[in-house]
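File shown: run-v3.cif (mmCIF, C-alpha atoms and all ligand atoms).
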```
data_input
loop_
_atom_site.label_atom_id
_atom_site.label_comp_id
_atom_site.auth_asym_id
_atom_site.auth_seq_id
_atom_site.Cartn_x
_atom_site.Cartn_y
_atom_site.Cartn_z
CA MET A 1 -237.71 41.19 -102.42
CA ARG A 2 -239.40 39.28 -99.66
CA ILE A 3 -238.08 39.87 -96.12
CA VAL A 4 -239.61 37.80 -93.35
CA ALA A 5 -239.00 37.78 -89.61
CA HIS A 6 -240.01 34.98 -87.25
CA LEU A 7 -240.38 35.88 -83.59
CA ASP A 8 -240.50 33.20 -80.91
CA MET A 9 -240.76 33.96 -77.20
CA ASP A 10 -238.07 32.46 -74.94
CA ALA A 11 -239.28 29.73 -72.54
CA PHE A 12 -242.63 31.45 -72.84
CA PHE A 13 -244.87 30.08 -70.05
CA ALA A 14 -241.91 29.71 -67.67
CA ALA A 15 -240.66 33.24 -68.39
CA ILE A 16 -244.11 34.62 -67.50
CA GLU A 17 -244.13 32.67 -64.21
CA GLU A 18 -240.62 33.90 -63.41
CA ARG A 19 -241.59 37.49 -64.15
CA ASP A 20 -244.73 37.37 -62.03
CA ASN A 21 -243.36 35.48 -59.01
CA PRO A 22 -240.35 37.35 -57.62
CA ARG A 23 -239.50 34.39 -55.40
CA PHE A 24 -238.95 32.22 -58.54
CA LYS A 25 -236.31 34.66 -59.81
CA GLY A 26 -233.18 32.91 -61.04
CA ARG A 27 -234.48 29.45 -60.12
CA PRO A 28 -235.13 26.52 -62.44
CA ILE A 29 -238.85 26.63 -63.29
CA VAL A 30 -241.01 23.86 -64.67
CA VAL A 31 -244.50 24.67 -65.95
CA GLY A 32 -246.71 21.63 -66.27
CA SER A 33 -249.06 19.36 -64.42
CA ASP A 34 -248.80 18.65 -60.70
CA PRO A 35 -245.70 16.48 -60.04
CA GLU A 36 -247.41 15.01 -56.92
CA GLY A 37 -244.07 14.33 -55.29
CA GLY A 38 -242.85 12.35 -58.29
CA LYS A 39 -246.08 10.36 -58.81
CA GLY A 40 -247.75 12.87 -61.13
CA ARG A 41 -248.82 11.51 -64.50
CA GLY A 42 -248.90 14.57 -66.73
CA VAL A 43 -246.17 16.23 -68.76
CA VAL A 44 -243.98 19.33 -68.77
CA SER A 45 -245.40 22.22 -70.83
CA THR A 46 -242.11 24.06 -70.77
CA ALA A 47 -239.08 24.73 -68.59
CA ASN A 48 -236.90 27.83 -68.31
CA TYR A 49 -233.27 27.70 -69.38
CA ALA A 50 -232.03 27.03 -65.82
CA ALA A 51 -234.24 23.92 -65.64
CA ARG A 52 -233.20 22.85 -69.15
CA LYS A 53 -229.65 22.52 -67.79
CA TYR A 54 -231.02 19.62 -65.73
CA GLY A 55 -232.34 17.99 -68.90
CA ILE A 56 -235.95 19.08 -68.32
CA HIS A 57 -237.89 20.01 -71.49
CA SER A 58 -241.36 20.25 -73.04
CA ALA A 59 -243.36 16.99 -73.24
CA LEU A 60 -241.13 15.18 -70.73
CA PRO A 61 -243.24 13.22 -68.20
CA ILE A 62 -243.56 15.40 -65.10
CA SER A 63 -242.35 12.48 -62.96
CA ALA A 64 -239.05 12.44 -64.88
CA ALA A 65 -238.70 16.20 -64.41
CA TRP A 66 -239.23 15.68 -60.67
CA ARG A 67 -236.51 13.02 -60.62
CA LEU A 68 -234.04 15.27 -62.46
CA SER A 69 -234.72 18.06 -59.98
CA GLU A 70 -234.19 15.69 -57.02
CA GLU A 71 -230.88 14.54 -58.54
CA ALA A 72 -229.78 18.17 -58.92
CA LYS A 73 -230.63 18.83 -55.27
CA LYS A 74 -228.42 15.91 -54.23
CA LYS A 75 -225.56 17.61 -56.06
CA GLY A 76 -226.19 20.78 -54.05
CA LEU A 77 -227.90 22.60 -56.94
CA PRO A 78 -231.22 24.44 -56.47
CA GLY A 79 -234.33 22.27 -56.90
CA ALA A 80 -236.83 23.26 -59.58
CA VAL A 81 -240.01 25.20 -58.85
CA PHE A 82 -243.02 23.29 -60.22
CA THR A 83 -245.96 25.46 -61.07
CA GLY A 84 -249.34 24.91 -62.66
CA GLY A 85 -250.19 26.34 -66.02
CA HIS A 86 -252.17 29.57 -66.04
CA MET A 87 -253.39 29.31 -69.61
CA GLY A 88 -255.68 32.35 -69.42
CA LYS A 89 -252.78 34.54 -68.45
CA TYR A 90 -250.46 33.11 -71.11
CA SER A 91 -252.98 33.81 -73.87
CA ALA A 92 -253.55 37.33 -72.56
CA VAL A 93 -249.78 38.00 -72.63
CA SER A 94 -249.65 36.45 -76.11
CA GLU A 95 -252.27 38.91 -77.33
CA GLU A 96 -250.33 41.85 -75.85
CA ILE A 97 -247.17 40.72 -77.64
CA MET A 98 -248.97 40.29 -80.96
CA ALA A 99 -250.39 43.81 -80.53
CA ILE A 100 -246.88 45.21 -79.97
CA VAL A 101 -245.61 43.44 -83.09
CA ARG A 102 -248.51 44.84 -85.14
CA GLU A 103 -247.41 48.37 -84.22
CA PHE A 104 -244.28 47.77 -86.30
CA ALA A 105 -245.68 45.90 -89.30
CA PRO A 106 -249.08 45.61 -90.93
CA LEU A 107 -248.90 41.94 -91.91
CA VAL A 108 -248.37 39.58 -88.98
CA GLU A 109 -249.23 35.88 -88.90
CA GLU A 110 -249.76 34.44 -85.43
CA ALA A 111 -248.30 30.98 -85.85
CA SER A 112 -248.85 29.82 -82.25
CA VAL A 113 -249.31 31.23 -78.78
CA ASP A 114 -245.70 32.46 -78.71
CA GLU A 115 -244.60 32.83 -82.30
CA ALA A 116 -245.36 35.10 -85.21
CA TYR A 117 -244.21 35.63 -88.77
CA ILE A 118 -243.78 39.29 -89.65
CA ASP A 119 -243.68 40.45 -93.26
CA LEU A 120 -241.00 43.15 -93.38
CA SER A 121 -240.76 43.31 -97.18
CA PHE A 122 -242.00 46.90 -97.02
CA SER A 123 -238.73 47.95 -95.40
CA LYS A 124 -237.00 47.17 -98.72
CA THR A 125 -233.53 46.34 -97.30
CA PHE A 126 -232.27 43.82 -94.75
CA LYS A 127 -230.52 46.67 -92.97
CA LYS A 128 -233.82 48.47 -92.30
CA ALA A 129 -235.56 45.20 -91.47
CA GLU A 130 -232.86 44.41 -88.94
CA GLU A 131 -233.42 47.78 -87.26
CA LEU A 132 -237.13 47.00 -87.02
CA CYS A 133 -236.36 43.62 -85.43
CA ARG A 134 -234.21 45.32 -82.81
CA LYS A 135 -237.01 47.77 -82.09
CA ILE A 136 -239.54 44.94 -81.73
CA LYS A 137 -237.25 43.05 -79.35
CA LYS A 138 -236.74 46.19 -77.28
CA ALA A 139 -240.45 47.00 -77.15
CA VAL A 140 -241.28 43.46 -75.99
CA LYS A 141 -238.55 43.62 -73.34
CA ASP A 142 -239.45 47.11 -72.09
CA ARG A 143 -243.21 46.66 -72.07
CA GLU A 144 -243.62 43.00 -71.20
CA ARG A 145 -240.35 42.33 -69.36
CA LEU A 146 -239.94 39.20 -71.50
CA THR A 147 -237.34 38.27 -74.09
CA CYS A 148 -237.86 36.81 -77.52
CA SER A 149 -235.65 35.52 -80.31
CA ILE A 150 -236.04 36.65 -83.89
CA GLY A 151 -234.85 35.15 -87.15
CA LEU A 152 -234.71 37.35 -90.24
CA GLY A 153 -234.47 35.86 -93.69
CA PRO A 154 -235.72 35.83 -97.28
CA ASN A 155 -238.68 33.54 -96.50
CA LYS A 156 -240.67 31.90 -93.68
CA LEU A 157 -238.63 28.70 -93.73
CA ILE A 158 -235.29 30.44 -93.18
CA ALA A 159 -236.74 32.92 -90.67
CA LYS A 160 -238.24 30.11 -88.59
CA ILE A 161 -235.03 28.09 -88.48
CA ALA A 162 -232.99 31.22 -87.76
CA SER A 163 -235.08 32.32 -84.78
CA ASP A 164 -234.09 29.10 -83.01
CA MET A 165 -230.34 29.47 -83.63
CA GLN A 166 -229.36 31.88 -80.85
CA LYS A 167 -231.93 31.42 -78.11
CA PRO A 168 -232.55 33.08 -75.70
CA ASP A 169 -232.72 36.78 -76.63
CA GLY A 170 -231.19 36.15 -80.05
CA LEU A 171 -231.34 37.90 -83.38
CA THR A 172 -230.12 35.84 -86.33
CA ILE A 173 -229.96 37.36 -89.77
CA VAL A 174 -229.65 35.28 -92.91
CA LEU A 175 -229.22 37.26 -96.12
CA PRO A 176 -230.69 35.80 -99.34
CA GLU A 177 -227.23 34.97 -100.69
CA GLU A 178 -226.41 33.11 -97.44
CA ALA A 179 -229.55 30.99 -97.41
CA GLU A 180 -228.07 27.82 -98.92
CA SER A 181 -224.85 27.87 -96.91
CA PHE A 182 -226.89 28.57 -93.76
CA MET A 183 -229.03 25.49 -94.36
CA GLU A 184 -226.34 23.01 -95.42
CA PRO A 185 -224.69 22.09 -92.07
CA LEU A 186 -228.03 21.77 -90.26
CA ASN A 187 -229.59 18.48 -89.26
CA ILE A 188 -232.46 17.46 -91.55
CA ARG A 189 -234.82 17.63 -88.54
CA LYS A 190 -234.56 21.42 -88.71
CA ILE A 191 -236.80 21.34 -91.77
CA PRO A 192 -240.38 21.65 -90.56
CA GLY A 193 -242.21 18.50 -91.63
CA ILE A 194 -239.28 16.11 -91.19
CA GLY A 195 -240.32 14.14 -88.13
CA PRO A 196 -238.74 11.15 -86.40
CA LYS A 197 -240.00 8.61 -88.96
CA THR A 198 -238.69 10.49 -92.00
CA GLU A 199 -235.46 11.11 -90.13
CA ILE A 200 -234.91 7.38 -89.58
CA MET A 201 -235.74 6.62 -93.20
CA LEU A 202 -233.28 9.25 -94.49
CA ASN A 203 -230.59 8.28 -91.95
CA LYS A 204 -230.72 4.76 -93.39
CA LEU A 205 -229.71 6.29 -96.72
CA GLY A 206 -226.80 8.03 -94.99
CA ILE A 207 -228.56 11.40 -95.02
CA ARG A 208 -228.11 13.42 -91.83
CA THR A 209 -227.50 17.03 -92.81
CA ILE A 210 -229.33 19.21 -95.26
CA LYS A 211 -226.19 19.12 -97.39
CA ASP A 212 -226.57 15.32 -97.57
CA LEU A 213 -230.23 15.75 -98.46
CA LYS A 214 -229.26 17.92 -101.43
CA THR A 215 -227.46 14.97 -103.02
CA LEU A 216 -230.86 13.35 -103.68
CA PRO A 217 -232.13 14.14 -107.18
CA LEU A 218 -235.64 15.52 -107.47
CA ALA A 219 -237.02 12.28 -108.91
CA LYS A 220 -235.60 10.26 -106.02
CA THR A 221 -236.92 12.74 -103.44
CA LYS A 222 -240.38 12.43 -104.99
CA GLU A 223 -240.12 8.64 -105.02
CA LEU A 224 -239.26 8.61 -101.29
CA MET A 225 -241.61 11.31 -100.11
CA GLY A 226 -244.51 11.18 -102.53
CA LYS A 227 -246.43 14.41 -102.90
CA TRP A 228 -244.22 16.18 -100.41
CA GLY A 229 -241.00 15.41 -102.31
CA GLU A 230 -240.93 18.48 -104.51
CA ASP A 231 -241.54 20.80 -101.58
CA LEU A 232 -238.79 19.12 -99.57
CA TYR A 233 -236.40 19.30 -102.52
CA ARG A 234 -236.89 23.07 -102.62
CA LYS A 235 -236.75 23.50 -98.86
CA ALA A 236 -233.37 21.74 -98.73
CA ARG A 237 -232.19 24.54 -101.03
CA GLY A 238 -233.54 27.22 -98.72
CA GLU A 239 -236.48 27.98 -101.00
CA SER A 240 -240.02 28.53 -99.84
CA ASP A 241 -242.63 30.86 -101.23
CA SER A 242 -245.40 30.48 -98.71
CA PRO A 243 -246.70 33.97 -97.95
CA VAL A 244 -247.05 35.53 -94.51
CA SER A 245 -250.80 35.43 -94.18
CA ASN A 246 -253.27 35.84 -91.39
CA ASP A 247 -256.37 34.60 -93.17
CA TYR A 248 -255.83 30.91 -92.74
CA GLU A 249 -254.65 31.00 -89.16
CA VAL A 250 -255.22 27.66 -87.53
CA LYS A 251 -257.21 28.54 -84.48
CA SER A 252 -258.33 25.82 -82.18
CA ILE A 253 -259.59 25.46 -78.65
CA GLY A 254 -258.87 22.21 -76.89
CA GLU A 255 -258.83 20.61 -73.47
CA GLN A 256 -257.28 17.37 -72.41
CA GLU A 257 -257.11 15.34 -69.25
CA THR A 258 -254.65 12.75 -68.01
CA PHE A 259 -256.52 10.37 -65.69
CA HIS A 260 -255.15 9.63 -62.23
CA GLU A 261 -255.04 6.01 -63.24
CA ASP A 262 -255.53 4.35 -66.62
CA ARG A 263 -259.22 3.63 -67.22
CA ARG A 264 -261.30 1.16 -69.22
CA ASP A 265 -264.79 1.90 -67.90
CA ALA A 266 -266.86 3.52 -70.62
CA ASN A 267 -269.21 5.28 -68.18
CA PHE A 268 -266.38 7.16 -66.57
CA ILE A 269 -264.84 8.12 -69.90
CA VAL A 270 -268.16 9.22 -71.37
CA GLU A 271 -268.65 11.48 -68.34
CA ARG A 272 -265.18 13.00 -68.75
CA ILE A 273 -265.81 13.65 -72.47
CA LYS A 274 -268.93 15.57 -71.53
CA GLU A 275 -266.99 17.68 -69.02
CA LEU A 276 -264.22 18.40 -71.55
CA ALA A 277 -266.79 19.37 -74.20
CA GLU A 278 -268.39 21.80 -71.73
CA ASP A 279 -264.99 23.30 -70.82
CA VAL A 280 -264.14 23.77 -74.49
CA ILE A 281 -267.46 25.52 -75.18
CA GLY A 282 -266.90 27.70 -72.08
CA ARG A 283 -263.62 28.86 -73.60
CA LEU A 284 -265.26 29.34 -77.03
CA ASN A 285 -267.87 31.60 -75.40
CA ARG A 286 -265.14 33.67 -73.77
CA SER A 287 -263.17 33.93 -77.03
CA GLU A 288 -263.58 36.18 -80.05
CA PHE A 289 -265.13 33.24 -81.93
CA LYS A 290 -268.75 32.15 -82.05
CA THR A 291 -268.84 28.89 -84.00
CA TYR A 292 -266.79 25.80 -84.77
CA ARG A 293 -267.00 23.36 -87.63
CA THR A 294 -264.35 20.73 -86.90
CA ILE A 295 -264.30 18.41 -83.88
CA GLY A 296 -261.10 16.61 -82.97
CA ILE A 297 -260.31 14.05 -80.31
CA THR A 298 -257.16 12.50 -78.88
CA VAL A 299 -256.86 9.16 -77.12
CA ARG A 300 -253.66 8.06 -75.43
CA PHE A 301 -253.50 4.45 -74.26
CA SER A 302 -251.59 3.14 -71.26
CA ASP A 303 -248.67 2.24 -73.56
CA PHE A 304 -248.58 5.86 -74.79
CA ASP A 305 -249.89 4.86 -78.21
CA THR A 306 -251.76 8.03 -79.20
CA LYS A 307 -254.54 8.37 -81.77
CA THR A 308 -256.38 11.38 -83.09
CA ARG A 309 -259.61 11.60 -85.06
CA ALA A 310 -261.48 14.55 -86.48
CA ARG A 311 -264.71 15.30 -88.26
CA THR A 312 -265.92 18.45 -89.98
CA LEU A 313 -269.61 19.32 -89.86
CA ALA A 314 -271.53 20.49 -92.89
CA GLU A 315 -272.77 23.49 -90.92
CA PRO A 316 -271.06 25.46 -88.15
CA ALA A 317 -272.19 24.72 -84.59
CA SER A 318 -271.80 26.58 -81.33
CA ASP A 319 -273.22 24.40 -78.55
CA SER A 320 -271.72 21.84 -76.21
CA GLY A 321 -274.45 19.26 -77.01
CA THR A 322 -273.30 18.94 -80.62
CA LEU A 323 -269.66 18.87 -79.56
CA ASN A 324 -270.33 16.20 -76.94
CA PHE A 325 -272.33 14.09 -79.40
CA GLU A 326 -269.77 14.32 -82.20
CA ALA A 327 -266.82 13.77 -79.85
CA LEU A 328 -268.54 10.69 -78.40
CA LYS A 329 -269.05 9.26 -81.88
CA LEU A 330 -265.32 9.68 -82.51
CA PHE A 331 -264.41 8.16 -79.14
CA LEU A 332 -266.72 5.13 -79.11
CA PRO A 333 -264.63 2.94 -81.45
CA PHE A 334 -261.74 3.32 -79.00
CA LEU A 335 -263.88 1.97 -76.19
CA ASP A 336 -264.65 -1.28 -78.00
CA LYS A 337 -263.11 -3.78 -80.40
CA ARG A 338 -263.29 -1.55 -83.46
CA GLU A 339 -260.26 0.59 -82.58
CA ASN A 340 -259.16 -1.10 -79.38
CA PRO A 341 -259.11 -4.86 -80.02
CA LYS A 342 -256.69 -5.53 -77.16
CA HIS A 343 -258.95 -3.65 -74.74
CA LYS A 344 -256.10 -1.40 -73.65
CA ALA A 345 -256.71 1.03 -70.82
CA ILE A 346 -256.83 4.75 -71.59
CA ARG A 347 -254.46 7.25 -70.05
CA LEU A 348 -255.47 10.55 -71.58
CA ILE A 349 -258.30 11.97 -73.62
CA GLY A 350 -258.63 15.31 -75.38
CA VAL A 351 -261.37 17.22 -77.17
CA LYS A 352 -260.81 20.19 -79.46
CA ILE A 353 -262.66 22.38 -81.91
CA GLU A 354 -261.29 23.99 -85.04
CA LYS A 355 -262.42 26.01 -88.05
CA LEU A 356 -263.54 28.68 -85.63
CA GLU A 357 -265.38 31.75 -86.87
P1 LIG B 1 -242.03 26.80 -77.55
O1 LIG B 1 -241.80 28.10 -78.27
O2 LIG B 1 -241.80 25.54 -78.30
O3 LIG B 1 -241.12 26.73 -76.25
P2 LIG B 1 -240.71 27.86 -75.23
O4 LIG B 1 -241.19 29.21 -75.66
O5 LIG B 1 -241.14 27.46 -73.86
O6 LIG B 1 -239.12 27.80 -75.26
P3 LIG B 1 -238.13 28.29 -76.41
O7 LIG B 1 -237.30 29.36 -75.76
O8 LIG B 1 -237.34 27.10 -76.79
O9 LIG B 1 -238.96 28.84 -77.53
O10 LIG B 1 -243.51 26.75 -77.02
C1 LIG B 1 -244.20 27.90 -76.53
C2 LIG B 1 -245.06 27.55 -75.35
O11 LIG B 1 -246.00 26.54 -75.70
C3 LIG B 1 -244.29 26.99 -74.17
O12 LIG B 1 -243.78 28.01 -73.31
C4 LIG B 1 -245.30 26.11 -73.50
C5 LIG B 1 -246.21 25.63 -74.62
N1 LIG B 1 -245.86 24.25 -74.98
C6 LIG B 1 -246.54 23.20 -74.37
O13 LIG B 1 -247.44 23.42 -73.56
N2 LIG B 1 -246.19 21.90 -74.69
C7 LIG B 1 -245.19 21.61 -75.58
O14 LIG B 1 -244.90 20.42 -75.83
C8 LIG B 1 -244.49 22.69 -76.20
C9 LIG B 1 -243.38 22.42 -77.19
C10 LIG B 1 -244.85 23.98 -75.89
MG MG B 2 -240.88 29.87 -77.62
#
```
Mind converting the file's structure to structure tokens?
Ligand code: TTP
Ligand code: MG
Amino acid sequence: MRIVAHLDMDAFFAAIEERDNPRFKGRPIVVGSDPEGGKGRGVVSTANYAARKYGIHSALPISAAWRLSEEAKKKGLPGAVFTGGHMGKYSAVSEEIMAIVREFAPLVEEASVDEAYIDLSFSKTFKKAEELCRKIKKAVKDRERLTCSIGLGPNKLIAKIASDMQKPDGLTIVLPEEAESFMEPLNIRKIPGIGPKTEIMLNKLGIRTIKDLKTLPLAKTKELMGKWGEDLYRKARGESDSPVSNDYEVKSIGEQETFHEDRRDANFIVERIKELAEDVIGRLNRSEFKTYRTIGITVRFSDFDTKTRARTLAEPASDSGTLNFEALKLFLPFLDKRENPKHKAIRLIGVKIEKLE
């Protein structure tokens, strides 16, 4: 029997800031770019639960978060603390947490900076696995002074959805025989892979919950979703057999920059690409990795239209020259008619490397 836990830290970056700055204690905290008194142009990385009560959340423009905090102040509520991201610290804490988790289980898949899948099949029963989850939660709380939420279930899909059900500091257990009834009332968006476009398409067919989704026959699901249909058909039934595995971990190092004002001038952008490429290689050199093989870029236009492009090299590389050159090649079409026929201004650019070894 497979038993999988999914651990996800609560309000991760914000919880670290709250822990490390006693004067932030109990206040709404927003981690993200500089709000510049409401004129800032970046976004919120995350907000703690006190700030979420004001409607502030990840990916919200920082200017909107500022406005929500000002509105709260007018109502006599505490204003939010805005603080810059300290990425180095967050990844160090992430590594400490992953190390704690590995003390309890041999097979741990780091799914992102603050989440991990833990294969607890070796514990044989859900009862024993539940005890282990409680021990992991306690160890993280005692040693890191941070809380996490864990979902425990018969596979990665169920565990992942369950960890989100009782945040913060939650533990949600879904036994194999409960898997289908657990899934049925949930919104289809809970299934990883169903994004806003698929949601709209399915809503048009009157499908909102996973129970609704199960009324679609396999053939119809395939017709609507193509290759993904069969997988989705099984997921709607709480089935997933993807193993907890740490050998295909998607590791990437990326940097992005939101310009102070939207830009069209190629010289400026080319210069910023070079800087980003150098920053990325700086981080690669400080990481456990030596080489990269995939180069990815992001371009966000003034209307928020966002494009990404990537290219994989035949041979691994390690230097910033290659990264700069390859990133430039990916960017150039966005600076002229090929990918930017309306000559839109650019708001944000990003450079990342993947397939690290
Ligand atoms: P999440 O686990 O999605 O969010 P969270 O840990 O802050 O809150 P929750 O309690 O709901 O799990 O992401 C983990 C961290 O990743 C988050 O603290 C900050 C970062 N992050 C961003 O920088 N931008 C984003 O858009 C998101 C979603 C997360
Ligand atoms: Mg989290």
Quiz item: Could you name the residues that touch Lys274 of chain A at 10 Å or less, counting all atoms listed in the file, but leaving out those on the same chain fewer than 5 positions away, as an MDAnalysis selection string?
Solution: chainID A and resid 269 279:280 320:321 323:325 327:328 351
Do you know which residues are within 6 Å of ligand MG 2 (chain B) using all atoms listed in the file? Can you write them as an mmCIF file with C-alpha atoms, in the coordinates of the input?
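Generated file (selection16.cif):
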```cif
data_model
loop_
_atom_site.group_PDB
_atom_site.id
_atom_site.type_symbol
_atom_site.label_atom_id
_atom_site.label_comp_id
_atom_site.auth_asym_id
_atom_site.auth_seq_id
_atom_site.Cartn_x
_atom_site.Cartn_y
_atom_site.Cartn_z
ATOM 1 C CA ASP A 8 -240.500 33.200 -80.910
ATOM 2 C CA MET A 9 -240.760 33.960 -77.200
ATOM 3 C CA ASP A 10 -238.070 32.460 -74.940
ATOM 4 C CA ALA A 11 -239.280 29.730 -72.540
ATOM 5 C CA PHE A 12 -242.630 31.450 -72.840
ATOM 6 C CA ASP A 114 -245.700 32.460 -78.710
#
```
So which residues touch segment 34-43 of chain A within 8 Å, counting all atoms listed in the file, skipping near sequence neighbours fewer than 6 positions away, as a short mmCIF file (atom, residue, chain, number, x, y, z; two decimals) with C-alpha atoms, in the coordinates of the input?
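The result, stored in part01.cif:
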```
data_model
loop_
_atom_site.label_atom_id
_atom_site.label_comp_id
_atom_site.auth_asym_id
_atom_site.auth_seq_id
_atom_site.Cartn_x
_atom_site.Cartn_y
_atom_site.Cartn_z
CA SER A 58 -241.36 20.25 -73.04
CA ALA A 59 -243.36 16.99 -73.24
CA LEU A 60 -241.13 15.18 -70.73
CA PRO A 61 -243.24 13.22 -68.20
CA ILE A 62 -243.56 15.40 -65.10
CA SER A 63 -242.35 12.48 -62.96
CA ALA A 64 -239.05 12.44 -64.88
CA TRP A 66 -239.23 15.68 -60.67
CA ARG A 67 -236.51 13.02 -60.62
CA PHE A 82 -243.02 23.29 -60.22
CA THR A 83 -245.96 25.46 -61.07
CA GLY A 84 -249.34 24.91 -62.66
CA THR A 258 -254.65 12.75 -68.01
CA PHE A 259 -256.52 10.37 -65.69
CA HIS A 260 -255.15 9.63 -62.23
#
```
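What separates atom CA of Phe268 of chain A from atom CA of Asp336 of chain A is a distance of 14.3 Å.
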Quiz item: Of the candidates A:Lys124, A:Gly254, A:Ile3, A:Val244, which one gets nearest to ligand LIG 1 (chain B) if we count all atoms listed in the file?
Solution: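 Closest to ligand LIG 1 (chain B), using all atoms listed in the file: A:Gly254.
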Practice problem: Enumerate residues in contact with ligand LIG 1 (chain B): an atom-to-atom distance of at most 10 Å, counting only C-alpha atoms and all ligand atoms. Format the result as an MDAnalysis selection string. | Solution: chainID A and resid 7:16 30:32 43:49 52 57:60 85 87 90 112:115 147:149 163:164 166:169
Quiz item: What does the distance between atom CA of Pro106 of chain A and atom CA of Cys133 of chain A come to in Å, to one decimal place?
Solution: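 Computing the Euclidean distance for atom CA of Pro106 of chain A and atom CA of Cys133 of chain A yields 14.0 Å.
Across A:Ala5, A:Ile200, A:Glu257, A:Phe304, the tightest approach to Leu132 of chain A is made by A:Ala5 when counting all atoms listed in the file.
Taking atom CA of Leu202 of chain A and atom CA of Met183 of chain A as endpoints, the distance between them is 16.8 Å.
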Self-check item: Long-range neighbours of segment 205-219 of chain A as a ChimeraX atom specification, 10 Å cut-off, only C-alpha atoms, 3 positions minimum in chain
Solution: /A:180-191,199-202,222-226,229-238
